[in-house]
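Participant: Below is the file input-v1.cif, with mmCIF, C-alpha atoms.
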data_coords
loop_
_atom_site.label_atom_id
_atom_site.label_comp_id
_atom_site.auth_asym_id
_atom_site.auth_seq_id
_atom_site.Cartn_x
_atom_site.Cartn_y
_atom_site.Cartn_z
CA MET F 652 -48.54 19.32 -22.12
CA GLY F 653 -45.56 17.25 -20.97
CA ASN F 654 -45.00 19.26 -17.79
CA GLN F 655 -48.71 18.97 -16.92
CA ILE F 656 -48.36 15.19 -17.12
CA ARG F 657 -45.22 15.27 -14.99
CA THR F 658 -46.91 17.51 -12.41
CA THR F 659 -49.83 15.08 -12.19
CA ILE F 660 -47.44 12.17 -11.75
CA LEU F 661 -45.59 13.96 -8.93
CA LEU F 662 -48.80 14.85 -7.09
CA THR F 663 -50.02 11.26 -7.47
CA ILE F 664 -46.75 9.90 -6.07
CA MET F 665 -46.98 12.24 -3.09
CA THR F 666 -50.56 11.14 -2.41
CA VAL F 667 -49.65 7.45 -2.53
CA VAL F 668 -46.61 7.88 -0.26
CA ILE F 669 -48.59 9.85 2.33
CA MET F 670 -51.39 7.26 2.31
CA LEU F 671 -48.90 4.40 2.76
CA VAL F 672 -47.32 6.12 5.75
CA GLY F 673 -50.78 6.76 7.20
CA LYS F 674 -51.70 3.09 6.86
CA MET F 675 -48.43 1.94 8.42
CA ILE F 676 -48.91 4.26 11.38
CA GLY F 677 -52.67 4.02 11.95
CA GLY F 678 -54.15 1.29 9.78
CA THR F 679 -57.21 2.04 7.63
CA GLY F 680 -58.18 5.02 9.76
CA GLY F 681 -54.70 6.47 9.44
CA MET F 682 -54.78 5.96 5.68
CA MET F 683 -58.05 7.90 5.36
CA ILE F 684 -56.69 10.74 7.47
CA ALA F 685 -53.55 10.71 5.32
CA LEU F 686 -55.70 10.95 2.16
CA VAL F 687 -57.32 14.13 3.47
CA ILE F 688 -53.87 15.52 4.37
CA ALA F 689 -52.53 14.60 0.92
CA GLY F 690 -55.41 16.42 -0.76
CA GLY F 691 -54.62 19.54 1.24
CA MET F 692 -50.90 19.28 0.48
CA ASN F 693 -51.57 18.87 -3.24
CA PHE F 694 -53.71 22.01 -3.21
CA PHE F 695 -51.11 24.06 -1.36
CA SER F 696 -48.27 22.62 -3.47
CA TYR F 697 -49.90 23.89 -6.65
CA TRP F 698 -50.98 27.31 -5.42
CA TYR F 699 -48.47 28.20 -2.72
CA SER F 700 -45.29 26.13 -3.18
CA ASP F 701 -43.45 29.13 -4.65
CA LYS F 702 -44.29 31.29 -1.64
CA ILE F 703 -43.18 28.50 0.70
CA VAL F 704 -39.78 28.24 -0.98
CA LEU F 705 -39.24 32.01 -1.02
CA LYS F 706 -40.15 32.25 2.66
CA MET F 707 -37.81 29.34 3.42
CA TYR F 708 -34.88 31.43 2.15
CA LYS F 709 -36.14 34.72 3.67
CA ALA F 710 -36.23 36.18 0.16
CA GLU F 711 -37.60 39.72 -0.18
CA GLU F 712 -39.00 41.34 -3.30
CA ALA F 713 -36.58 43.90 -4.71
CA THR F 714 -37.44 47.22 -6.30
CA GLU F 715 -35.49 48.82 -9.12
CA ALA F 716 -33.89 51.17 -6.60
CA GLU F 717 -32.69 48.26 -4.42
CA ALA F 718 -31.21 46.10 -7.20
CA SER F 719 -31.11 48.38 -10.22
CA LEU F 720 -28.79 46.34 -12.47
CA ALA F 721 -30.51 42.99 -11.90
CA TYR F 722 -33.95 44.57 -12.14
CA ARG F 723 -33.20 46.28 -15.46
CA MET F 724 -31.56 43.14 -16.85
CA VAL F 725 -34.58 40.99 -16.00
CA ASP F 726 -36.82 43.58 -17.66
CA VAL F 727 -34.77 43.65 -20.88
CA LEU F 728 -34.10 39.89 -21.03
CA SER F 729 -37.72 38.92 -20.35
CA LYS F 730 -38.80 41.11 -23.29
CA GLU F 731 -36.14 39.45 -25.44
CA ALA F 732 -37.52 36.05 -24.39
CA GLY F 733 -41.12 37.09 -25.05
CA LEU F 734 -42.10 36.72 -21.38
CA PRO F 735 -43.94 38.92 -18.89
CA MET F 736 -41.43 40.44 -16.51
CA PRO F 737 -41.18 38.25 -13.40
CA LYS F 738 -40.78 39.66 -9.92
CA VAL F 739 -37.20 39.90 -8.64
CA TYR F 740 -36.39 38.63 -5.14
CA ILE F 741 -33.15 38.88 -3.19
CA ILE F 742 -31.96 36.07 -0.90
CA PRO F 743 -29.82 37.43 1.98
CA GLN F 744 -26.92 34.98 1.61
CA ASP F 745 -23.30 35.52 0.54
CA SER F 746 -23.01 32.34 -1.50
CA PRO F 747 -23.78 33.16 -5.16
CA ASN F 748 -26.74 31.28 -6.60
CA ALA F 749 -30.18 31.78 -8.14
CA PHE F 750 -33.46 30.03 -8.92
CA ALA F 751 -36.80 30.69 -10.57
CA THR F 752 -40.20 29.71 -9.21
CA GLY F 753 -43.92 30.25 -9.74
CA ARG F 754 -46.97 28.53 -11.25
CA ASN F 755 -46.54 29.94 -14.76
CA PRO F 756 -44.83 32.78 -16.65
CA GLU F 757 -47.53 35.20 -15.51
CA ASN F 758 -46.81 34.45 -11.85
CA ALA F 759 -43.06 33.88 -12.00
CA VAL F 760 -40.24 34.97 -9.70
CA VAL F 761 -36.48 35.13 -10.25
CA ALA F 762 -34.62 34.92 -6.94
CA VAL F 763 -30.90 35.70 -6.66
CA THR F 764 -28.62 35.74 -3.65
CA ARG F 765 -26.88 38.89 -2.50
CA GLY F 766 -23.62 37.05 -3.16
CA LEU F 767 -24.51 36.58 -6.83
CA LEU F 768 -25.00 40.31 -7.29
CA ASN F 769 -21.66 41.00 -5.61
CA THR F 770 -19.52 38.48 -7.53
CA MET F 771 -20.76 38.51 -11.13
CA ASN F 772 -19.79 40.98 -13.81
CA PRO F 773 -22.62 42.28 -16.06
CA ASP F 774 -22.21 39.60 -18.75
CA GLU F 775 -22.13 36.82 -16.16
CA LEU F 776 -25.14 38.22 -14.30
CA ALA F 777 -27.06 38.45 -17.57
CA GLY F 778 -26.21 34.81 -18.30
CA VAL F 779 -27.49 33.63 -14.93
CA LEU F 780 -30.68 35.69 -15.17
CA ALA F 781 -31.29 34.46 -18.73
CA HIS F 782 -30.83 30.87 -17.51
CA GLU F 783 -33.58 31.37 -14.92
CA LEU F 784 -35.79 33.02 -17.55
CA GLY F 785 -35.07 29.92 -19.65
CA HIS F 786 -36.65 27.78 -16.94
CA ILE F 787 -39.68 30.07 -16.98
CA LYS F 788 -39.91 30.02 -20.78
CA ASN F 789 -39.58 26.21 -20.82
CA ARG F 790 -42.23 25.98 -18.07
CA ASP F 791 -39.96 24.10 -15.68
CA ILE F 792 -40.76 26.28 -12.68
CA LEU F 793 -44.01 24.67 -11.51
CA ILE F 794 -42.67 21.12 -11.73
CA GLY F 795 -39.45 22.12 -9.94
CA THR F 796 -41.22 23.97 -7.14
CA ILE F 797 -43.78 21.22 -6.55
CA ALA F 798 -40.93 18.69 -6.50
CA ALA F 799 -39.23 20.75 -3.80
CA THR F 800 -42.39 20.83 -1.69
CA MET F 801 -42.98 17.14 -2.28
CA ALA F 802 -39.41 16.18 -1.42
CA GLY F 803 -39.68 18.15 1.82
CA ALA F 804 -42.98 16.44 2.66
CA ILE F 805 -41.55 12.99 1.95
CA MET F 806 -38.55 13.68 4.18
CA MET F 807 -40.88 14.89 6.93
CA LEU F 808 -42.95 11.72 6.58
CA ALA F 809 -39.79 9.63 6.76
CA SER F 810 -38.95 11.33 10.06
CA MET F 811 -42.48 10.65 11.34
CA ALA F 812 -42.17 7.01 10.33
CA LYS F 813 -38.83 6.71 12.12
CA TRP F 814 -40.14 8.12 15.40
CA SER F 815 -43.35 6.11 15.14
CA ALA F 816 -41.28 2.95 14.74
CA ILE F 817 -39.11 3.88 17.74
CA PHE F 818 -42.13 4.45 19.99
CA GLY F 819 -44.19 1.56 18.68
CA GLY F 820 -46.44 3.44 16.27
CA PHE F 821 -50.08 4.27 16.82
CA ARG F 822 -52.28 1.35 17.58
CA GLY F 823 -54.50 0.63 14.60
CA ASP F 824 -56.76 -2.35 13.92
CA ASP F 825 -54.68 -5.49 14.17
CA ASP F 826 -55.89 -6.74 10.80
CA ASP F 827 -55.34 -3.38 9.17
CA GLY F 828 -51.57 -3.42 9.47
CA GLY F 829 -51.34 -0.59 11.99
CA GLY F 830 -48.04 0.41 13.48
CA GLY F 831 -48.49 -1.80 16.54
CA GLY F 832 -47.62 -5.08 14.79
CA GLY F 833 -44.26 -6.45 13.79
CA GLY F 834 -45.03 -6.04 10.09
CA GLY F 835 -46.02 -2.43 10.65
CA PHE F 836 -42.76 -1.79 12.51
CA ILE F 837 -40.71 -3.21 9.64
CA GLY F 838 -42.75 -1.19 7.16
CA LEU F 839 -42.12 2.02 9.09
CA ILE F 840 -38.39 1.36 9.21
CA ALA F 841 -38.39 0.66 5.47
CA MET F 842 -40.32 3.87 4.81
CA ALA F 843 -37.88 5.88 6.95
CA ILE F 844 -35.00 4.58 4.80
CA ILE F 845 -36.59 4.53 1.36
CA ALA F 846 -38.54 7.81 1.42
CA PRO F 847 -35.52 10.19 1.44
CA LEU F 848 -33.92 8.15 -1.36
CA ALA F 849 -37.14 8.42 -3.39
CA ALA F 850 -37.19 12.19 -2.85
CA SER F 851 -33.60 12.49 -4.09
CA LEU F 852 -34.30 10.35 -7.17
CA ILE F 853 -37.31 12.51 -8.05
CA GLN F 854 -35.16 15.64 -7.86
CA MET F 855 -32.43 14.05 -9.99
CA ALA F 856 -34.88 12.93 -12.67
CA ILE F 857 -36.39 16.39 -12.94
CA SER F 858 -33.39 18.64 -12.84
CA ARG F 859 -30.39 17.41 -14.78
CA SER F 860 -31.55 17.54 -18.42
CA ARG F 861 -33.61 20.68 -17.79
CA GLU F 862 -30.43 22.53 -16.82
CA TYR F 863 -28.89 21.83 -20.22
CA LEU F 864 -32.04 23.08 -21.93
CA ALA F 865 -32.14 26.25 -19.79
CA ASP F 866 -28.45 26.88 -20.58
CA ASN F 867 -29.21 26.67 -24.29
CA THR F 868 -32.27 28.91 -23.94
CA ALA F 869 -30.16 31.47 -22.04
CA ALA F 870 -27.60 31.53 -24.83
CA ASN F 871 -30.38 32.19 -27.35
CA ILE F 872 -31.84 34.99 -25.21
CA THR F 873 -28.55 36.81 -24.63
CA GLY F 874 -26.77 35.85 -27.86
CA ASN F 875 -23.68 35.31 -25.68
CA THR F 876 -22.62 31.88 -24.44
CA GLU F 877 -19.46 33.08 -22.71
CA GLY F 878 -21.27 35.10 -20.04
CA LEU F 879 -23.13 32.07 -18.69
CA ALA F 880 -20.11 29.77 -19.15
CA SER F 881 -17.93 32.10 -17.09
CA ALA F 882 -20.67 32.48 -14.47
CA LEU F 883 -20.97 28.71 -14.09
CA GLU F 884 -17.23 28.40 -13.52
CA LYS F 885 -17.39 31.08 -10.84
CA LEU F 886 -20.41 29.46 -9.22
CA GLY F 887 -18.62 26.12 -9.09
CA THR F 888 -15.66 27.71 -7.30
CA TYR F 889 -17.65 29.85 -4.88
CA SER F 890 -19.99 27.00 -3.93
CA ARG F 891 -17.01 25.27 -2.32
CA GLN F 892 -15.54 28.39 -0.76
CA ILE F 893 -18.79 29.90 0.59
CA PRO F 894 -21.26 27.11 1.45
CA MET F 895 -24.90 28.06 1.14
CA LYS F 896 -27.46 27.43 3.87
CA ALA F 897 -29.85 25.43 1.75
CA GLU F 898 -32.43 22.70 2.20
CA PRO F 899 -31.75 19.43 0.33
CA ALA F 900 -35.38 19.35 -0.81
CA THR F 901 -34.86 22.53 -2.86
CA ALA F 902 -31.34 21.88 -4.16
CA HIS F 903 -32.54 21.02 -7.67
CA MET F 904 -34.12 24.47 -8.11
CA PHE F 905 -30.84 26.40 -8.08
CA ILE F 906 -28.67 27.09 -11.13
CA THR F 907 -25.86 25.11 -9.47
CA ASN F 908 -26.13 22.70 -6.58
CA PRO F 909 -26.03 24.74 -3.34
CA LEU F 910 -24.95 21.61 -1.44
CA ALA F 911 -21.80 21.10 -3.49
CA GLY F 912 -18.88 19.90 -1.43
CA GLN F 913 -20.90 17.74 0.93
CA ASN F 914 -19.50 14.27 0.38
CA LEU F 915 -22.78 12.38 0.75
CA MET F 916 -24.61 14.67 -1.71
CA LYS F 917 -22.29 13.86 -4.61
CA PHE F 918 -23.97 10.44 -4.84
CA PHE F 919 -27.34 12.18 -5.35
CA SER F 920 -26.32 15.10 -7.54
CA THR F 921 -29.30 17.09 -8.75
CA HIS F 922 -27.30 18.88 -11.45
CA PRO F 923 -25.23 17.83 -14.45
CA PRO F 924 -21.46 18.37 -14.18
CA ILE F 925 -20.44 22.03 -14.48
CA GLU F 926 -17.59 21.08 -16.84
CA GLU F 927 -20.07 19.48 -19.24
CA ARG F 928 -22.37 22.49 -19.13
CA VAL F 929 -19.49 24.87 -19.79
CA ALA F 930 -18.14 22.68 -22.61
CA ARG F 931 -21.53 22.57 -24.30
CA LEU F 932 -21.82 26.34 -24.14
CA ARG F 933 -18.32 26.87 -25.53
CA GLY F 934 -18.46 23.99 -27.99
CA THR F 935 -15.31 22.41 -26.56
CA LYS F 936 -14.34 19.07 -25.05
CA VAL F 937 -14.98 18.41 -21.38
CA VAL F 938 -12.02 19.09 -19.08
CA ARG F 939 -12.65 17.43 -15.73
CA SER F 940 -11.26 18.79 -12.48
CA ASN F 941 -10.41 16.72 -9.42
CA THR F 942 -12.78 18.35 -6.93
CA ASN F 943 -15.47 17.29 -4.53
CA ASN F 944 -18.03 19.53 -6.18
CA ASP F 945 -20.95 17.20 -6.76
CA ASP F 946 -21.89 19.18 -9.87
CA THR F 947 -18.75 17.68 -11.43
CA THR F 948 -19.62 14.04 -10.77
CA PRO F 949 -19.33 12.23 -14.12
CA SER F 950 -22.27 10.30 -15.48
CA SER F 951 -21.91 7.12 -17.48
CA GLY F 952 -25.10 7.70 -19.46
CA ASN F 953 -25.76 3.94 -19.58
CA SER F 954 -27.01 3.20 -16.07
CA LEU F 955 -30.54 2.17 -15.16
CA SER F 956 -31.04 5.53 -13.44
CA ASP F 957 -30.05 7.33 -16.66
CA GLN F 958 -32.60 5.27 -18.59
CA GLY F 959 -35.22 6.28 -16.06
CA LYS F 960 -34.25 9.95 -16.45
CA ASN F 961 -34.56 9.63 -20.23
CA PHE F 962 -38.07 8.20 -19.89
CA TRP F 963 -39.05 11.03 -17.51
CA ASN F 964 -37.58 13.67 -19.83
CA ASN F 965 -39.45 12.25 -22.82
CA LEU F 966 -42.72 13.11 -21.07
CA SER F 967 -42.03 16.74 -22.02
#
Give the structure from this file in structure tokens form.
Facilitator:
Amino acid sequence: MGNQIRTTILLTIMTVVIMLVGKMIGGTGGMMIALVIAGGMNFFSYWYSDKIVLKMYKAEEATEAEASLAYRMVDVLSKEAGLPMPKVYIIPQDSPNAFATGRNPENAVVAVTRGLLNTMNPDELAGVLAHELGHIKNRDILIGTIAATMAGAIMMLASMAKWSAIFGGFRGDDDDGGGGGGGGFIGLIAMAIIAPLAASLIQMAISRSREYLADNTAANITGNTEGLASALEKLGTYSRQIPMKAEPATAHMFITNPLAGQNLMKFFSTHPPIEERVARLRGTKVVRSNTNNDDTTPSSGNSLSDQGKNFWNNLS
């Protein structure tokens, strides 16, 4: 029930943001048009967001003949987890990574990069696949995929607001706050700055604690914590050596942040530190490394943003 509430909240936020941008650009008329657009986006986000993300990464469905080891592992692990077997997709990139998507366990997909298949040993691959099945079992996939679509839409709206402000906006009714007035111009500039930050905060709130839970679920499915722990260490190293061509809006969906190493992104990390995840799996103390991997950014646990994440997580 918690994820249904969170999905409703996300769709509501997206509707409100789109309507505000519409009002800033075109006054009342623009707001009404934006409401219609928001309704359409909400519909497509629920039913087609998984297909959008897979297409974004040029992922292709794999048969058992094309990816025999991964395919068989997903089959065995999904039975162990008590899940229907999800479809397996391959992303044609050399950087190792993976994500799960879909509306529900009956319509789920596990997508892995070609690089993941080439770099992981069987135990490590099983750990990664079990982690993604953990997201499916914990019903994180719909909320994560909708968040990706929503974050992309918000960033697109921020770009629209920026260009509308540069070119004076669309002339709405003067008393409606259309883009032609000074207040509308300031509002558009504010939206262009705030919207991407809001998208990043939404991703952060959704992803970080769910990764810990999926790690724990994976360990229960495989009965082997070391496979996933070793895989996470490899993923942390390879993410810096072989950067992935990834969209910021979808970064939170992957098992480790595909944007690791980009200096700006470490301030908006969508994942908990890899060292902490590995330490939890192994039952050891955290050993921090001096790297620029934004998955290793320490968290104080006492900040206002952490309190907000705790409130969001309590919804589930």
Participant: Just want the 7 Å neighbourhood of segment 774-790 of chain F, counted on all atoms listed in the file, with same-chain residues fewer than 2 positions away dropped. Output as an mmCIF file with C-alpha atoms, in the frame of the given file.
Facilitator:
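New file part-v6.cif:
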data_model
loop_
_atom_site.group_PDB
_atom_site.id
_atom_site.type_symbol
_atom_site.label_atom_id
_atom_site.label_comp_id
_atom_site.auth_asym_id
_atom_site.auth_seq_id
_atom_site.Cartn_x
_atom_site.Cartn_y
_atom_site.Cartn_z
ATOM 1 C CA MET F 724 -31.560 43.140 -16.850
ATOM 2 C CA VAL F 725 -34.580 40.990 -16.000
ATOM 3 C CA LEU F 728 -34.100 39.890 -21.030
ATOM 4 C CA SER F 729 -37.720 38.920 -20.350
ATOM 5 C CA PHE F 750 -33.460 30.030 -8.920
ATOM 6 C CA ALA F 751 -36.800 30.690 -10.570
ATOM 7 C CA ASN F 755 -46.540 29.940 -14.760
ATOM 8 C CA PRO F 756 -44.830 32.780 -16.650
ATOM 9 C CA VAL F 761 -36.480 35.130 -10.250
ATOM 10 C CA MET F 771 -20.760 38.510 -11.130
ATOM 11 C CA ASN F 772 -19.790 40.980 -13.810
ATOM 12 C CA ILE F 792 -40.760 26.280 -12.680
ATOM 13 C CA LEU F 793 -44.010 24.670 -11.510
ATOM 14 C CA ALA F 865 -32.140 26.250 -19.790
ATOM 15 C CA ASP F 866 -28.450 26.880 -20.580
ATOM 16 C CA THR F 868 -32.270 28.910 -23.940
ATOM 17 C CA ALA F 869 -30.160 31.470 -22.040
ATOM 18 C CA ILE F 872 -31.840 34.990 -25.210
ATOM 19 C CA THR F 873 -28.550 36.810 -24.630
ATOM 20 C CA GLY F 878 -21.270 35.100 -20.040
ATOM 21 C CA LEU F 879 -23.130 32.070 -18.690
ATOM 22 C CA SER F 881 -17.930 32.100 -17.090
ATOM 23 C CA ALA F 882 -20.670 32.480 -14.470
#
Participant: Hey, which of F:Thr714, F:Thr752, F:Thr907, F:Asn871 ends up closest to Glu731 of chain F? Count only C-alpha atoms.
Facilitator: F:Asn871
Participant: F:Val739, F:Ala749, F:Met707, F:Leu686: which is nearest Arg723 of chain F, counting only C-alpha atoms?
Facilitator: F:Val739
Participant: In Å to one decimal, how far is atom CA of Ala900 of chain F from atom CA of Gly680 of chain F?
Facilitator: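 It comes out at 28.9 Å.
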Participant: I would like the residues chosen by the PyMOL selection byres ((chain F and resi 700-706) around 9) on the shown file; could you give them as an MDAnalysis selection string?
Facilitator: chainID F and resid 695:699 707:711 740 742 752:754 759:760 762 792:793 796:797 799:800 901
